[in-house]
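Data from run37.cif: mmCIF, C-alpha atoms and all ligand atoms
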data_target
#
loop_
_atom_site.label_atom_id
_atom_site.label_comp_id
_atom_site.auth_asym_id
_atom_site.auth_seq_id
_atom_site.Cartn_x
_atom_site.Cartn_y
_atom_site.Cartn_z
CA MET E 1 92.49 90.41 127.41
CA SER E 2 95.20 87.91 126.66
CA ASP E 3 98.65 89.43 126.43
CA THR E 4 100.13 86.44 124.66
CA ALA E 5 101.49 86.82 121.12
CA GLN E 6 101.31 83.05 120.57
CA PRO E 7 98.43 81.63 118.53
CA SER E 8 96.15 79.60 120.77
CA GLN E 9 92.98 77.61 120.39
CA ASP E 10 91.40 79.13 123.52
CA ARG E 11 88.23 81.09 123.17
CA LEU E 12 88.89 84.82 122.99
CA THR E 13 87.83 87.10 125.82
CA PRO E 14 84.73 88.98 124.63
CA GLY E 15 85.38 92.55 123.53
CA LEU E 16 86.63 94.62 120.62
CA TYR E 17 89.85 93.74 118.78
CA LEU E 18 91.21 96.43 116.44
CA VAL E 19 93.09 94.55 113.75
CA ALA E 20 95.45 96.21 111.25
CA THR E 21 95.54 94.55 107.82
CA PRO E 22 97.97 94.96 104.88
CA ILE E 23 98.00 98.09 102.68
CA GLY E 24 98.95 96.15 99.57
CA ASN E 25 101.35 93.29 100.20
CA LEU E 26 99.35 90.50 101.85
CA GLY E 27 102.57 89.23 103.45
CA ASP E 28 102.29 92.17 105.86
CA ILE E 29 99.49 90.59 107.91
CA THR E 30 100.81 89.82 111.38
CA LEU E 31 100.72 86.40 113.06
CA ARG E 32 98.62 87.90 115.82
CA ALA E 33 96.12 89.36 113.34
CA VAL E 34 95.67 85.91 111.75
CA ASP E 35 95.25 84.36 115.18
CA ILE E 36 92.60 86.86 116.32
CA LEU E 37 90.73 86.75 113.02
CA SER E 38 90.68 82.93 113.23
CA ARG E 39 89.34 82.87 116.79
CA CYS E 40 86.97 85.86 116.91
CA ASP E 41 83.19 85.45 116.74
CA GLY E 42 82.83 87.85 113.84
CA VAL E 43 84.39 90.71 111.91
CA ALA E 44 83.06 94.26 111.65
CA CYS E 45 84.39 95.81 108.45
CA GLU E 46 83.98 98.65 105.98
CA ASP E 47 83.22 96.48 102.98
CA THR E 48 82.35 92.79 103.31
CA ARG E 49 83.62 92.07 99.77
CA VAL E 50 87.08 93.50 100.49
CA THR E 51 87.39 91.80 103.90
CA GLY E 52 85.85 88.62 102.50
CA LYS E 53 88.74 88.40 100.02
CA LEU E 54 91.32 88.83 102.78
CA LEU E 55 89.67 86.19 104.99
CA LYS E 56 89.44 83.80 102.03
CA HIS E 57 93.15 84.33 101.33
CA LEU E 58 93.83 83.44 104.98
CA GLY E 59 91.53 80.39 104.85
CA ILE E 60 89.24 81.93 107.50
CA SER E 61 85.45 81.88 107.43
CA LYS E 62 83.63 84.23 109.83
CA PRO E 63 80.39 86.20 109.98
CA MET E 64 80.98 89.76 108.76
CA TRP E 65 79.05 92.93 109.57
CA ARG E 66 79.36 96.24 107.73
CA TYR E 67 80.38 99.05 110.04
CA ASP E 68 80.99 102.74 109.55
CA ASP E 69 80.93 105.57 112.05
CA HIS E 70 77.84 107.02 110.37
CA SER E 71 75.81 103.86 110.97
CA GLU E 72 72.68 104.47 113.00
CA HIS E 73 73.43 105.00 116.68
CA ARG E 74 71.05 102.06 117.39
CA ASP E 75 73.05 99.68 115.17
CA ARG E 76 76.28 100.68 116.86
CA GLY E 77 74.61 100.20 120.25
CA ARG E 78 73.61 96.65 119.28
CA LEU E 79 77.14 95.87 118.09
CA VAL E 80 78.63 97.23 121.33
CA ASP E 81 76.11 95.24 123.39
CA SER E 82 76.99 92.06 121.52
CA MET E 83 80.61 92.44 122.64
CA ARG E 84 79.59 91.64 126.22
CA SER E 85 79.49 88.02 125.10
CA ARG E 86 81.32 88.02 121.73
CA ALA E 87 84.83 88.80 120.52
CA VAL E 88 84.50 91.16 117.56
CA ALA E 89 87.41 92.12 115.29
CA LEU E 90 87.25 95.53 113.59
CA VAL E 91 89.17 95.85 110.33
CA SER E 92 89.17 98.49 107.61
CA ASP E 93 89.68 97.86 103.90
CA ALA E 94 93.41 98.33 104.37
CA GLY E 95 95.85 99.35 107.09
CA THR E 96 95.09 100.44 110.62
CA PRO E 97 91.45 100.99 111.60
CA MET E 98 90.61 104.64 112.41
CA ILE E 99 93.58 106.11 110.55
CA SER E 100 91.39 108.00 108.04
CA ASP E 101 89.01 105.08 108.45
CA PRO E 102 85.96 104.21 110.60
CA GLY E 103 86.10 102.99 114.18
CA TYR E 104 86.48 106.02 116.43
CA ARG E 105 82.86 106.08 117.62
CA LEU E 106 82.85 102.34 118.19
CA VAL E 107 85.96 102.46 120.37
CA ASN E 108 84.63 105.47 122.25
CA ASP E 109 81.30 103.75 122.94
CA CYS E 110 83.01 100.50 123.99
CA ARG E 111 85.17 102.37 126.47
CA ALA E 112 82.15 104.22 127.83
CA GLU E 113 80.34 100.88 128.31
CA GLY E 114 83.33 99.19 129.94
CA ILE E 115 83.81 96.75 127.04
CA PRO E 116 87.44 95.59 126.78
CA VAL E 117 89.27 97.00 123.74
CA THR E 118 92.65 95.97 122.44
CA SER E 119 94.59 97.13 119.38
CA LEU E 120 96.81 94.93 117.20
CA PRO E 121 99.52 97.00 115.47
CA GLY E 122 100.31 96.53 111.80
CA ALA E 123 100.56 98.31 108.46
CA CYS E 124 99.73 102.01 108.24
CA ALA E 125 100.47 103.91 105.00
CA ALA E 126 101.33 107.16 106.85
CA VAL E 127 104.11 105.42 108.83
CA VAL E 128 105.41 103.47 105.82
CA GLY E 129 105.52 106.71 103.78
CA LEU E 130 107.28 108.58 106.58
CA THR E 131 109.96 105.95 107.08
CA LEU E 132 110.55 105.52 103.34
CA SER E 133 110.73 109.26 102.58
CA GLY E 134 113.91 110.02 104.49
CA LEU E 135 112.32 113.29 105.67
CA PRO E 136 112.84 114.26 109.34
CA ASN E 137 110.75 111.92 111.49
CA ASP E 138 111.53 113.09 115.02
CA ARG E 139 108.28 115.08 114.82
CA PHE E 140 105.49 114.50 112.36
CA LEU E 141 101.92 115.63 112.03
CA PHE E 142 99.44 113.36 110.30
CA ALA E 143 96.63 115.43 108.80
CA GLY E 144 94.64 112.83 106.84
CA PHE E 145 93.21 113.90 103.47
CA LEU E 146 93.44 117.57 102.47
CA PRO E 147 90.00 119.09 101.77
CA SER E 148 88.92 118.71 98.14
CA LYS E 149 87.70 122.32 97.78
CA GLU E 150 90.44 124.74 96.81
CA LYS E 151 89.73 127.40 99.45
CA ALA E 152 89.53 124.88 102.31
CA ARG E 153 92.68 123.10 101.08
CA ARG E 154 94.57 126.39 101.04
CA GLU E 155 93.34 127.32 104.51
CA THR E 156 94.41 123.95 105.90
CA LEU E 157 97.88 124.31 104.39
CA GLU E 158 98.20 127.87 105.68
CA GLU E 159 97.24 126.69 109.15
CA LEU E 160 99.88 123.95 109.06
CA ALA E 161 102.64 125.88 107.26
CA ASN E 162 104.54 126.95 110.38
CA THR E 163 104.26 123.65 112.22
CA ASP E 164 107.75 122.48 113.08
CA ALA E 165 107.23 118.91 111.91
CA THR E 166 107.04 116.82 108.77
CA LEU E 167 103.45 117.00 107.52
CA VAL E 168 101.88 113.74 106.36
CA PHE E 169 98.77 113.68 104.15
CA TYR E 170 96.79 110.98 102.41
CA GLU E 171 96.29 111.79 98.75
CA THR E 172 94.75 110.44 95.58
CA GLY E 173 96.20 110.43 92.06
CA PRO E 174 93.60 112.77 90.55
CA ARG E 175 94.13 115.36 93.29
CA LEU E 176 97.92 115.25 93.66
CA LEU E 177 98.65 118.02 91.13
CA LYS E 178 96.20 120.40 92.82
CA SER E 179 97.83 119.82 96.20
CA LEU E 180 101.30 120.28 94.71
CA ALA E 181 100.13 123.54 93.09
CA ALA E 182 98.97 124.83 96.48
CA LEU E 183 102.27 123.76 98.05
CA LYS E 184 104.22 125.47 95.27
CA GLU E 185 102.45 128.69 96.13
CA LEU E 186 102.55 128.44 99.93
CA MET E 187 105.71 126.42 100.66
CA PRO E 188 107.90 126.59 97.53
CA GLU E 189 111.15 125.86 99.42
CA ARG E 190 109.96 122.84 101.39
CA GLU E 191 111.26 119.37 100.59
CA ILE E 192 108.37 117.13 99.55
CA ALA E 193 108.04 113.35 99.11
CA VAL E 194 105.38 111.56 97.08
CA ALA E 195 105.17 107.95 98.31
CA ARG E 196 103.04 105.87 95.96
CA GLU E 197 101.77 102.30 95.86
CA LEU E 198 103.56 101.40 99.10
CA THR E 199 104.36 97.72 99.67
CA LYS E 200 103.09 96.95 96.14
CA LEU E 201 104.84 95.98 92.92
CA HIS E 202 105.17 99.56 91.65
CA GLU E 203 106.17 101.16 94.96
CA GLU E 204 107.81 104.55 94.38
CA CYS E 205 109.03 107.41 96.57
CA ARG E 206 109.97 110.60 94.74
CA ARG E 207 111.51 113.62 96.49
CA GLY E 208 111.82 117.23 95.39
CA LEU E 209 110.37 120.73 95.61
CA ALA E 210 106.74 121.29 94.62
CA ASP E 211 107.74 122.87 91.33
CA GLY E 212 109.83 119.91 90.10
CA LEU E 213 107.32 117.32 91.33
CA MET E 214 104.50 119.17 89.55
CA ALA E 215 106.43 119.06 86.29
CA TYR E 216 107.13 115.33 86.75
CA TYR E 217 103.56 114.30 87.62
CA ASP E 218 102.13 116.55 84.94
CA ALA E 219 104.10 114.50 82.42
CA ASN E 220 103.53 111.21 84.28
CA PRO E 221 100.02 111.23 85.75
CA PRO E 222 100.21 109.40 89.09
CA LYS E 223 98.27 106.18 89.49
CA GLY E 224 97.32 104.34 92.65
CA GLU E 225 97.43 105.32 96.31
CA ILE E 226 99.60 108.12 97.61
CA VAL E 227 101.07 109.50 100.82
CA LEU E 228 102.20 113.12 100.43
CA LEU E 229 104.83 114.36 102.89
CA VAL E 230 106.13 117.89 103.41
CA GLY E 231 109.39 118.39 105.30
CA PRO E 232 109.53 120.88 108.20
CA PRO E 233 110.36 124.56 107.73
CA GLU E 234 114.10 125.21 107.55
CA THR E 235 114.32 127.48 110.56
CA HIS E 236 113.30 125.78 113.74
CA ALA E 237 111.50 128.46 115.71
CA PRO E 238 112.49 128.21 119.38
CA SER E 239 109.86 127.61 122.04
CA ASP E 240 108.69 130.56 124.16
CA ALA E 241 110.82 129.30 127.05
CA ASP E 242 113.92 129.10 124.81
CA ALA E 243 113.28 132.60 123.45
CA ASP E 244 112.96 133.90 127.04
CA THR E 245 116.29 132.32 127.95
CA MET E 246 118.00 133.88 124.93
CA LEU E 247 116.51 137.28 125.75
CA ARG E 248 117.55 137.01 129.40
CA GLU E 249 121.12 136.13 128.45
CA ALA E 250 121.32 138.94 125.90
CA MET E 251 119.89 141.48 128.35
CA ALA E 252 122.67 140.66 130.80
CA THR E 253 125.06 142.57 128.51
CA MET E 254 122.89 144.90 126.41
CA LYS E 255 119.78 147.07 126.36
CA ALA E 256 116.37 145.42 125.82
CA SER E 257 116.02 146.86 122.32
CA GLN E 258 119.44 145.50 121.29
CA ALA E 259 118.68 142.12 122.91
CA ALA E 260 115.37 141.90 120.99
CA ALA E 261 117.14 142.75 117.71
CA GLN E 262 119.86 140.14 118.34
CA VAL E 263 117.41 137.35 119.26
CA SER E 264 115.19 138.28 116.32
CA LYS E 265 118.14 137.97 113.95
CA ALA E 266 119.16 134.61 115.40
CA THR E 267 115.68 133.04 115.46
CA GLY E 268 113.58 134.81 112.83
CA LEU E 269 111.05 135.75 115.57
CA ASP E 270 109.38 139.16 115.35
CA ARG E 271 111.60 141.91 116.85
CA LYS E 272 108.72 144.00 118.23
CA THR E 273 107.15 140.97 119.95
CA LEU E 274 110.53 140.11 121.46
CA TYR E 275 111.02 143.68 122.64
CA ALA E 276 107.58 143.66 124.33
CA ARG E 277 108.49 140.38 126.01
CA ALA E 278 111.87 141.79 127.09
CA MET E 279 110.11 144.75 128.72
CA GLU E 280 107.71 142.37 130.50
CA MET E 281 110.63 140.30 131.78
CA LYS E 282 112.35 143.42 133.06
CA SER E 283 109.33 144.34 135.17
CA GLU E 284 108.78 140.81 136.51
N1 LIG E 301 93.76 103.07 107.38
C1 LIG E 301 94.68 103.18 106.29
C2 LIG E 301 96.10 103.19 106.84
O1 LIG E 301 96.32 102.76 107.98
O2 LIG E 301 97.02 103.61 106.14
C3 LIG E 301 94.39 104.38 105.41
C4 LIG E 301 93.00 104.38 104.83
S1 LIG E 301 92.64 105.80 103.85
C5 LIG E 301 90.94 105.58 103.55
C6 LIG E 301 93.30 105.38 102.28
C7 LIG E 301 94.48 106.27 101.90
O3 LIG E 301 95.65 105.77 102.54
C8 LIG E 301 94.80 106.25 100.41
O4 LIG E 301 94.02 107.18 99.69
C9 LIG E 301 96.25 106.64 100.42
O5 LIG E 301 96.39 108.03 100.60
C10 LIG E 301 96.76 105.91 101.69
N2 LIG E 301 97.23 104.59 101.33
C11 LIG E 301 96.67 103.41 101.64
N3 LIG E 301 97.40 102.39 101.13
C12 LIG E 301 98.45 102.96 100.49
C13 LIG E 301 99.55 102.45 99.76
N4 LIG E 301 99.72 101.14 99.59
N5 LIG E 301 100.44 103.32 99.25
C14 LIG E 301 100.29 104.64 99.43
N6 LIG E 301 99.26 105.19 100.10
C15 LIG E 301 98.35 104.35 100.62
#

Written as structure tokens, how would this file's structure read?
Ligand code: SAM
Amino acid sequence: MSDTAQPSQDRLTPGLYLVATPIGNLGDITLRAVDILSRCDGVACEDTRVTGKLLKHLGISKPMWRYDDHSEHRDRGRLVDSMRSRAVALVSDAGTPMISDPGYRLVNDCRAEGIPVTSLPGACAAVVGLTLSGLPNDRFLFAGFLPSKEKARRETLEELANTDATLVFYETGPRLLKSLAALKELMPEREIAVARELTKLHEECRRGLADGLMAYYDANPPKGEIVLLVGPPETHAPSDADADTMLREAMATMKASQAAAQVSKATGLDRKTLYARAMEMKSE
């Protein structure tokens, strides 16, 4: 595939082009996205009305095909086959295809069939929310939408609670308070950001603990699209290798039981587990 960023009139190499589109502000379409959409043979999209509006805004007229990952295997097979001779752009209603949107199966099948695939970077609400929030971004875990059922939502949050990273979720206005209530119960001390209507006129990013944010959004029901971010746990649990090093250093000057107690105090790791590990290290 062409590696040029310059618009060109040449025919595109057949294959699949993953094209990110704006998440609100139409000015966020990239030059390369406009170029590929202008020169492709057709656009596979989630909703032809939504993509039709974007193409009209760009002054582009192209055949459009509805695509979702649940489409019949046969239909996907035909689309993949067509890319042996056609350049097809895949877009979602907004943002980056496949980020909580369809496309995964299509890309997987194209790769299996040796069809060239290329991905054009652009807007993605998770990344915009993360950068705007001011929460630690050296490590983040994107977890898509939380389950809508209470039990499953709770289990997901419990599973993620000890992850040493900022957690990033997609959220909707009607469900925000329920998610905040679960966070209040499971992670009451964690710094949270609610990033709403990103890149749009009423863009807002509100930070606080779950309790305060619940009170605010109870009084001001949230409208529009939301990215919910949860800062990492305060104590950064050391890796196993780091814990081993600390134990080894401590055991140079004290008994294993004392070393385990000291490392436990410093790291918050379980003393008994550390002691068992110290005994293992002694016999190694
Ligand atoms: N593929 C998209 C992307 O790259 O961001 C996400 C698609 S997902 C179906 C839609 C969810 O993304 C919304 O419910 C919301 O959580 C988030 N989202 C999309 N646009 C947003 C915006 N402008 N502001 C805040 N969140 C947004």

Kindly list the centre and edge lengths in Å, rounded to one decimal, for the axis-aligned box that covers all listed atoms of ligand LIG 301 (chain E) plus 6 Å on each of its six sides, as lines of an AutoDock Vina configuration file.
center_x = 95.7
center_y = 104.6
center_z = 103.6
size_x = 21.5
size_y = 18.9
size_z = 20.7

Could you state the separation of CA of Leu183 in chain E and CA of Ala143 in chain E in Å, given to one decimal place?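 Computing the Euclidean distance for CA of Leu183 in chain E and CA of Ala143 in chain E yields 14.7 Å.
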
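The smallest atom-to-atom distance between ligand LIG 301 (chain E) and any of E:Leu228, E:Ala193, E:Leu106, E:Leu120, using only C-alpha atoms and all ligand atoms, is found for E:Leu228.
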
Applying 9 Å and all atoms listed in the file, which residues near Ala278 in chain E remain after dropping the ones on its own chain fewer than 5 positions away? List them as a list in words.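 The filter keeps Asp244, Leu247, Arg248, Met251, Ala256, Ser257, Ala259, Ala260, Thr273 and Ser283 of chain E.
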
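Near Ala161 in chain E, within 10 Å and counting all atoms listed in the file, sit E:Glu155, E:Thr156, E:Leu157, E:Glu158, E:Asp164, E:Ala165, E:Leu167, E:Leu183, E:Leu186, E:Met187, E:Arg190, E:Val230, E:Pro232, E:Pro233; same-chain residues fewer than 3 positions away were not included.
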
Show me, as a Markdown table, the residues of range 134-243 of chain E having an atom within 12 Å of range 19-37 of chain E, each with the closest atom pair and its distance in Å, using only C-alpha atoms.
| residue | atom | partner | partner_atom | distance |
| --- | --- | --- | --- | --- |
| E:Arg196 | CA | E:Gly24 | CA | 11.1 |
| E:Glu197 | CA | E:Gly24 | CA | 7.7 |
| E:Leu198 | CA | E:Gly24 | CA | 7.0 |
| E:Thr199 | CA | E:Asn25 | CA | 5.4 |
| E:Lys200 | CA | E:Gly24 | CA | 5.4 |
| E:Leu201 | CA | E:Asn25 | CA | 8.5 |
| E:His202 | CA | E:Gly24 | CA | 10.6 |
| E:Glu203 | CA | E:Gly24 | CA | 9.9 |
| E:Gly224 | CA | E:Gly24 | CA | 10.8 |
| E:Glu225 | CA | E:Ile23 | CA | 9.7 |
| E:Ile226 | CA | E:Ile23 | CA | 11.4 |
| E:Val227 | CA | E:Ile23 | CA | 12.0 |

Could you list, as a ChimeraX atom specification, every residue within 12 Å of Leu16 in chain E, counting all atoms listed in the file and ignoring same-chain residues fewer than 5 positions away? /E:1,36-37,40-44,79-91,103,106-111,113-120

Give me the residues within 12 Å of Pro222 in chain E as JSON, numbers by chain, counting all atoms listed in the file and dropping any in the same chain fewer than 4 places off. {"E": [171, 172, 173, 174, 175, 176, 177, 194, 195, 196, 197, 202, 203, 204, 205, 206, 213, 214, 215, 216, 217, 218, 226, 227]}

Residue among E:Arg78, E:Leu18, E:Gly144, E:Pro136 lying closest to ligand LIG 301 (chain E), counting all atoms listed in the file: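 Going through E:Arg78, E:Leu18, E:Gly144, E:Pro136 one by one, the smallest distance to ligand LIG 301 (chain E) is for E:Gly144.
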
Nearest to Gly134 in chain E by atom-to-atom distance, counting all atoms listed in the file, from E:Gly59, E:Pro14, E:Gly208, E:Gly268: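 Smallest distance to Gly134 in chain E is found for E:Gly208.
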
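Our summary of the geometry notes that CA of Glu280 in chain E is positioned 15.9 Å from CA of Ala261 in chain E.
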
Restricting the calculation to all atoms listed in the file: of E:Asp211, E:Asp69, E:Glu46, E:Glu185, which residue gets closest to ligand LIG 301 (chain E)? E:Glu46

Please report the interatomic distance between atom C4 of ligand LIG 301 (chain E) and CA of Tyr170 in chain E in Å with one decimal. 8.0 Å

Residue with smallest distance to Arg277 in chain E - pool E:Thr96, E:Thr245, E:Asn137, E:Thr253, counting all atoms listed in the file: E:Thr245

I need every residue sitting at most 12 Å from the point (87.9, 122.4, 100.3) (coordinates as in the file, all atoms listed in the file considered), written as a compact mmCIF listing (two decimals) with C-alpha atoms, in the coordinates of the input.
# COMPACT_ATOMS: atom_id res chain seq x y z
CA PHE E 145 93.21 113.90 103.47
CA LEU E 146 93.44 117.57 102.47
CA PRO E 147 90.00 119.09 101.77
CA SER E 148 88.92 118.71 98.14
CA LYS E 149 87.70 122.32 97.78
CA GLU E 150 90.44 124.74 96.81
CA LYS E 151 89.73 127.40 99.45
CA ALA E 152 89.53 124.88 102.31
CA ARG E 153 92.68 123.10 101.08
CA ARG E 154 94.57 126.39 101.04
CA GLU E 155 93.34 127.32 104.51
CA THR E 156 94.41 123.95 105.90
CA LEU E 157 97.88 124.31 104.39
CA ARG E 175 94.13 115.36 93.29
CA LYS E 178 96.20 120.40 92.82
CA SER E 179 97.83 119.82 96.20
CA ALA E 182 98.97 124.83 96.48

Need the shell around Gly231 in chain E: protein/DNA/RNA residues with any atom at most 6 Å away, counting all atoms listed in the file. Skip same-chain ones fewer than 5 positions apart. Format as a tab-separated table (two decimals) with C-alpha atoms, in the coordinates of the input?
chain	number	residue	atom	x	y	z
E	135	LEU	CA	112.32	113.29	105.67
E	166	THR	CA	107.04	116.82	108.77
E	190	ARG	CA	109.96	122.84	101.39
E	191	GLU	CA	111.26	119.37	100.59
E	192	ILE	CA	108.37	117.13	99.55

Go through E:Gly77, E:Gly15, E:Gly95, E:Gly52 and flag the residue nearest ligand LIG 301 (chain E), using all atoms listed in the file for the distances.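 Among E:Gly77, E:Gly15, E:Gly95, E:Gly52, it is E:Gly95 that comes nearest to ligand LIG 301 (chain E).
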